[in-house]
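A.B. asks: My questions will all concern the structure given below.
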Amino acid sequence: MPERAAAAAHPYQSLTPDVVMDALASVGLFGDGRQMALSSYENRVYQLHLEDGAVVVAKFYRPGRWHADQILEEHAFAQELMAAEIPVVGPLTLQGSTLHHFGGFAFSVSPWRGGRLPELDDPEVLEWVGRFLARIHAVGAVQPFRHRPALDLASFGSASREWLLAHDQVPLDVQSSWAQASQQALDLVAAHACLTGAPTQGEAIQRLRLHGDCHPGNILWTPLELPASAGPGPHFVDLDDARMGPAVQDLWMLLSGDRPQRSRQLGILVDGYEQFRPFDRRELALIEPLRTLRLLHYSAWLARRWHDPTFPRHFPWFGSSDYWQGQVQMLQEQIEAMQEAPLVV
């Protein structure tokens, strides 16, 4: 079958355990043979035990996604954050660089950090996370990315929609309703100049360097009852999606529940945030447009990655008429949400 042949030819098929160990050895790190694949779809990430007893995490970047300057810019941002004593887990400098190449792959190595998902129903945890997000953004606002893209309507929304339609990813029985709903949703997103780059009257909403994918799974929480040497509190990982964008992008994915619950959570996050940095309340109107862009981008991401054999295994429901009908319903809900008054804090 063509699909099976394409899957067999995927570059990650050649990333065997031996290649992973040889890549580590190429930068002077020698594993004791123990390695474990960590949850990651975009890249391949492994926890490895070294002969000296240390534990590291090696990330092998998806070929063709980022070029070297973009990866190094992410690494430099992580190093800026760590220099400001912000608990971000960034790559190690080995043999004079944070980015290495072996066997056709670009890779980096970071120290391993344990932790659990943050309990975001705990006000103290939410406030603590808000404080650190403000500190991340204070560093992020110092200078822009030069090589990494922005989170905007064109790249996340319009390009995703056009690619899905051009490559016949939406079944014919749903295509018309999805095309209509997605266009109507993007028309509403286009009303926000911060997401289009259009000129505005008055002061524009600031775009800064972001974590970019700040969902609970990218925050490791170390229990507060541990000694100070353990670094209790949040540790932010995986800056792979770092982009330019509005600050609220790093807040809204931490919200859940109905509108009153989300308002309460956001209020606590912003209380913590504003202990270190002002929060522009105009950005609250961007939450639902940003959610809409992520919804479209996610469908396009799954479709673009389908030749990677790990995607059909982990997302077997993707691509069916039921999936796309569900997307139409979610887009219609987003159309309604974008026409409602934004959350207030």
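By convention here, the chains of the structure tokens are called A, B, ... in the order presented, each chain's residues are numbered starting at 1, and ligands are numbered starting at 1 in the order presented.
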Among range 52-247 of chain A, which residues does DSSP mark as strand (DSSP E) when it is run on the backbone? Keep the chain and numbering as in the structure and answer as an MDAnalysis selection string.
C.D. replies: chainID A and resid 55:60 100:102 105:111 208:209 219:222 233:236 244:245
A.B. asks: I'd like a table as JSON lines: residues in range 193-219 of chain A with an atom no more than 9 Å from range 282-289 of chain A, each row giving the shortest atom pair and its distance in Å to one decimal, only C-alpha atoms counted, sorted by chain and rising residue number.
C.D. replies:
{"residue": "A:Cys194", "atom": "CA", "partner": "A:Leu286", "partner_atom": "CA", "distance": 8.6}
{"residue": "A:Leu195", "atom": "CA", "partner": "A:Leu286", "partner_atom": "CA", "distance": 8.5}
{"residue": "A:Ile205", "atom": "CA", "partner": "A:Glu283", "partner_atom": "CA", "distance": 7.4}
A.B. asks: Could you dump the residues just selected with all heavy atoms as an mmCIF file, in the first residue's frame?
C.D. replies:
data_model
loop_
_atom_site.group_PDB
_atom_site.id
_atom_site.type_symbol
_atom_site.label_atom_id
_atom_site.label_comp_id
_atom_site.auth_asym_id
_atom_site.auth_seq_id
_atom_site.Cartn_x
_atom_site.Cartn_y
_atom_site.Cartn_z
ATOM 1 N N CYS A 194 -4.053 42.608 16.266
ATOM 2 C CA CYS A 194 -2.871 41.977 16.858
ATOM 3 C C CYS A 194 -2.559 40.643 16.192
ATOM 4 O O CYS A 194 -1.404 40.214 16.170
ATOM 5 C CB CYS A 194 -3.104 41.770 18.356
ATOM 6 S SG CYS A 194 -1.741 40.969 19.218
ATOM 7 N N LEU A 195 -3.578 39.992 15.641
ATOM 8 C CA LEU A 195 -3.396 38.684 15.015
ATOM 9 C C LEU A 195 -3.275 38.761 13.504
ATOM 10 O O LEU A 195 -3.108 37.742 12.838
ATOM 11 C CB LEU A 195 -4.557 37.761 15.404
ATOM 12 C CG LEU A 195 -4.730 37.532 16.908
ATOM 13 C CD1 LEU A 195 -5.948 36.666 17.191
ATOM 14 C CD2 LEU A 195 -3.473 36.902 17.507
ATOM 15 N N ILE A 205 -1.496 46.288 20.755
ATOM 16 C CA ILE A 205 -1.207 45.250 21.733
ATOM 17 C C ILE A 205 0.199 44.708 21.468
ATOM 18 O O ILE A 205 0.562 44.416 20.328
ATOM 19 C CB ILE A 205 -2.253 44.123 21.654
ATOM 20 C CG1 ILE A 205 -3.605 44.638 22.171
ATOM 21 C CG2 ILE A 205 -1.815 42.905 22.458
ATOM 22 C CD1 ILE A 205 -4.740 43.647 22.032
#
A.B. asks: By how many Å are CA of Ile335 in chain A and CA of Ala181 in chain A apart?
C.D. replies: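 Those two atoms sit 8.1 Å apart.
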A.B. asks: Tell me which protein, DNA and RNA residues are within 12 Å of Asp152 in chain A, counting only C-alpha atoms, leaving out same-chain ones fewer than 6 positions away, and put them as a PyMOL selection string.
C.D. replies: chain A and resi 158-160+186+189-190+192-198+207+212+243-246+249+286+289-294+297
A.B. asks: Just to confirm, what's the straight-line distance from CA of His167 in chain A to CA of Ala242 in chain A in Å (one decimal)?
C.D. replies: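 Calculated distance between CA of His167 in chain A and CA of Ala242 in chain A is 27.4 Å.
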A.B. asks: Where does DSSP see helix (DSSP H, G or I) in range 46-292 of chain A, if you list the residues as a PyMOL selection string?
C.D. replies: chain A and resi 68-83+123-140+153-166+172-189+193-195+216-218+228-230+249-252+259-273+281-292
A.B. asks: Which residue gives the smallest distance to Glu333 in chain A among A:Pro87, A:Ala185, A:Val20, A:Ile219, with only C-alpha atoms counted?
C.D. replies: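 Nearest to Glu333 in chain A: A:Ala185.
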A.B. asks: With only C-alpha atoms as the counted atoms, please give the residues lying no more than 9 Å from Gln275 in chain A, apart from itself and same-chain residues fewer than 3 positions off, as an NGL selection string.
C.D. replies: :A and (130-131 or 134 or 270-272 or 278)
A.B. asks: Save out the residues we just selected, N, CA and C atoms, as a PDB file, in the first residue's frame.
C.D. replies:
ATOM      1  N   GLY A 130       1.244  32.076  37.461  1.00  0.00           N
ATOM      2  CA  GLY A 130       1.080  33.413  36.910  1.00  0.00           C
ATOM      3  C   GLY A 130       2.293  34.294  37.146  1.00  0.00           C
ATOM      4  N   ARG A 131       2.894  34.195  38.326  1.00  0.00           N
ATOM      5  CA  ARG A 131       4.094  34.992  38.618  1.00  0.00           C
ATOM      6  C   ARG A 131       5.231  34.622  37.671  1.00  0.00           C
ATOM      7  N   ALA A 134       4.740  35.856  34.095  1.00  0.00           N
ATOM      8  CA  ALA A 134       5.083  37.272  33.982  1.00  0.00           C
ATOM      9  C   ALA A 134       6.592  37.462  33.877  1.00  0.00           C
ATOM     10  N   VAL A 270      -3.870  36.185  36.699  1.00  0.00           N
ATOM     11  CA  VAL A 270      -3.519  37.587  36.471  1.00  0.00           C
ATOM     12  C   VAL A 270      -3.067  38.250  37.770  1.00  0.00           C
ATOM     13  N   ASP A 271      -3.665  37.878  38.901  1.00  0.00           N
ATOM     14  CA  ASP A 271      -3.197  38.407  40.190  1.00  0.00           C
ATOM     15  C   ASP A 271      -1.725  38.090  40.396  1.00  0.00           C
ATOM     16  N   GLY A 272      -1.337  36.828  40.099  1.00  0.00           N
ATOM     17  CA  GLY A 272       0.068  36.468  40.224  1.00  0.00           C
ATOM     18  C   GLY A 272       0.917  37.175  39.186  1.00  0.00           C
ATOM     19  N   PRO A 278       2.633  44.289  34.294  1.00  0.00           N
ATOM     20  CA  PRO A 278       1.240  44.651  34.001  1.00  0.00           C
ATOM     21  C   PRO A 278       0.651  43.723  32.937  1.00  0.00           C
TER      22      PRO A 278
END
A.B. asks: Set the distance at 10 Å and use only C-alpha atoms: which residues neighbour Leu15 in chain A once local chain neighbours fewer than 5 positions away are removed? I'd like the list as a PyMOL selection string.
C.D. replies: chain A and resi 20+44+60+103-105
A.B. asks: Using N, CA and C atoms, can you write the selected residues to a file as an mmCIF file, in the first residue's frame?
C.D. replies:
data_model
loop_
_atom_site.group_PDB
_atom_site.id
_atom_site.type_symbol
_atom_site.label_atom_id
_atom_site.label_comp_id
_atom_site.auth_asym_id
_atom_site.auth_seq_id
_atom_site.Cartn_x
_atom_site.Cartn_y
_atom_site.Cartn_z
ATOM 1 N N VAL A 20 20.561 6.579 18.780
ATOM 2 C CA VAL A 20 20.405 7.509 19.906
ATOM 3 C C VAL A 20 21.643 7.464 20.799
ATOM 4 N N ARG A 44 11.207 13.460 18.584
ATOM 5 C CA ARG A 44 11.440 12.219 19.319
ATOM 6 C C ARG A 44 12.304 12.581 20.517
ATOM 7 N N PHE A 60 15.417 14.842 19.515
ATOM 8 C CA PHE A 60 15.788 14.772 18.107
ATOM 9 C C PHE A 60 14.704 15.494 17.310
ATOM 10 N N GLY A 103 23.758 11.431 12.301
ATOM 11 C CA GLY A 103 22.908 10.505 11.562
ATOM 12 C C GLY A 103 21.771 11.153 10.805
ATOM 13 N N GLY A 104 21.972 12.384 10.390
ATOM 14 C CA GLY A 104 20.920 13.081 9.655
ATOM 15 C C GLY A 104 19.922 13.810 10.533
ATOM 16 N N PHE A 105 20.136 13.821 11.855
ATOM 17 C CA PHE A 105 19.214 14.480 12.777
ATOM 18 C C PHE A 105 19.913 15.614 13.521
#
A.B. asks: Ranking A:Gln201, A:Thr222, A:Gln184, A:Ser263 by minimum distance to Gln332 in chain A and counting only C-alpha atoms, which one comes first?
C.D. replies: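 Among the listed residues, the smallest separation from Gln332 in chain A belongs to A:Gln184.
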A.B. asks: Determine, counting only C-alpha atoms, which protein, DNA and RNA residues have an atom within 7 Å of an atom of range 168-176 of chain A; residues of the same chain fewer than 4 positions away are not included. Present the result as a PyMOL selection string.
C.D. replies: chain A and resi 164+180+321+324-325
A.B. asks: Next, write the just-selected residues to a file, as a JSON list (two decimals), in the first residue's frame, keeping all heavy atoms as the atom set.
C.D. replies:
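Contents of selection11.json, freshly written:
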[["chain", "number", "residue", "atom", "x", "y", "z"],
["A", 164, "LEU", "N", -5.64, 22.21, 4.12],
["A", 164, "LEU", "CA", -6.59, 21.10, 4.29],
["A", 164, "LEU", "C", -7.52, 20.97, 3.09],
["A", 164, "LEU", "O", -7.80, 19.86, 2.62],
["A", 164, "LEU", "CB", -7.40, 21.31, 5.57],
["A", 164, "LEU", "CG", -6.62, 21.11, 6.88],
["A", 164, "LEU", "CD1", -7.38, 21.69, 8.06],
["A", 164, "LEU", "CD2", -6.33, 19.62, 7.10],
["A", 180, "GLN", "N", -17.40, 26.53, 5.14],
["A", 180, "GLN", "CA", -18.19, 27.71, 5.49],
["A", 180, "GLN", "C", -17.93, 28.12, 6.94],
["A", 180, "GLN", "O", -17.71, 29.31, 7.23],
["A", 180, "GLN", "CB", -19.68, 27.42, 5.29],
["A", 180, "GLN", "CG", -20.59, 28.58, 5.63],
["A", 180, "GLN", "CD", -22.06, 28.26, 5.38],
["A", 180, "GLN", "OE1", -22.40, 27.16, 4.92],
["A", 180, "GLN", "NE2", -22.93, 29.20, 5.70],
["A", 321, "SER", "N", -15.48, 11.14, 8.84],
["A", 321, "SER", "CA", -16.57, 12.13, 8.75],
["A", 321, "SER", "C", -17.02, 12.57, 10.13],
["A", 321, "SER", "O", -17.34, 13.75, 10.33],
["A", 321, "SER", "CB", -17.74, 11.54, 7.96],
["A", 321, "SER", "OG", -17.40, 11.39, 6.60],
["A", 324, "TRP", "N", -14.67, 15.30, 11.39],
["A", 324, "TRP", "CA", -14.87, 16.59, 10.76],
["A", 324, "TRP", "C", -16.22, 17.21, 11.11],
["A", 324, "TRP", "O", -16.33, 18.44, 11.22],
["A", 324, "TRP", "CB", -14.68, 16.48, 9.25],
["A", 324, "TRP", "CG", -13.24, 16.26, 8.91],
["A", 324, "TRP", "CD1", -12.64, 15.12, 8.51],
["A", 324, "TRP", "CD2", -12.19, 17.24, 9.01],
["A", 324, "TRP", "NE1", -11.29, 15.30, 8.34],
["A", 324, "TRP", "CE2", -10.98, 16.60, 8.63],
["A", 324, "TRP", "CE3", -12.15, 18.58, 9.37],
["A", 324, "TRP", "CZ2", -9.76, 17.26, 8.61],
["A", 324, "TRP", "CZ3", -10.94, 19.25, 9.34],
["A", 324, "TRP", "CH2", -9.76, 18.60, 8.97],
["A", 325, "GLN", "N", -17.24, 16.38, 11.30],
["A", 325, "GLN", "CA", -18.51, 16.93, 11.77],
["A", 325, "GLN", "C", -18.36, 17.52, 13.17],
["A", 325, "GLN", "O", -18.95, 18.57, 13.48],
["A", 325, "GLN", "CB", -19.58, 15.83, 11.75],
["A", 325, "GLN", "CG", -20.04, 15.46, 10.35],
["A", 325, "GLN", "CD", -20.85, 14.19, 10.30],
["A", 325, "GLN", "OE1", -21.02, 13.50, 11.31],
["A", 325, "GLN", "NE2", -21.34, 13.84, 9.12]]
A.B. asks: Have a look at A:Pro342, A:Gly217, A:Pro91, A:Pro316 and name the one nearest to Pro260 in chain A; count only C-alpha atoms.
C.D. replies: A:Pro342
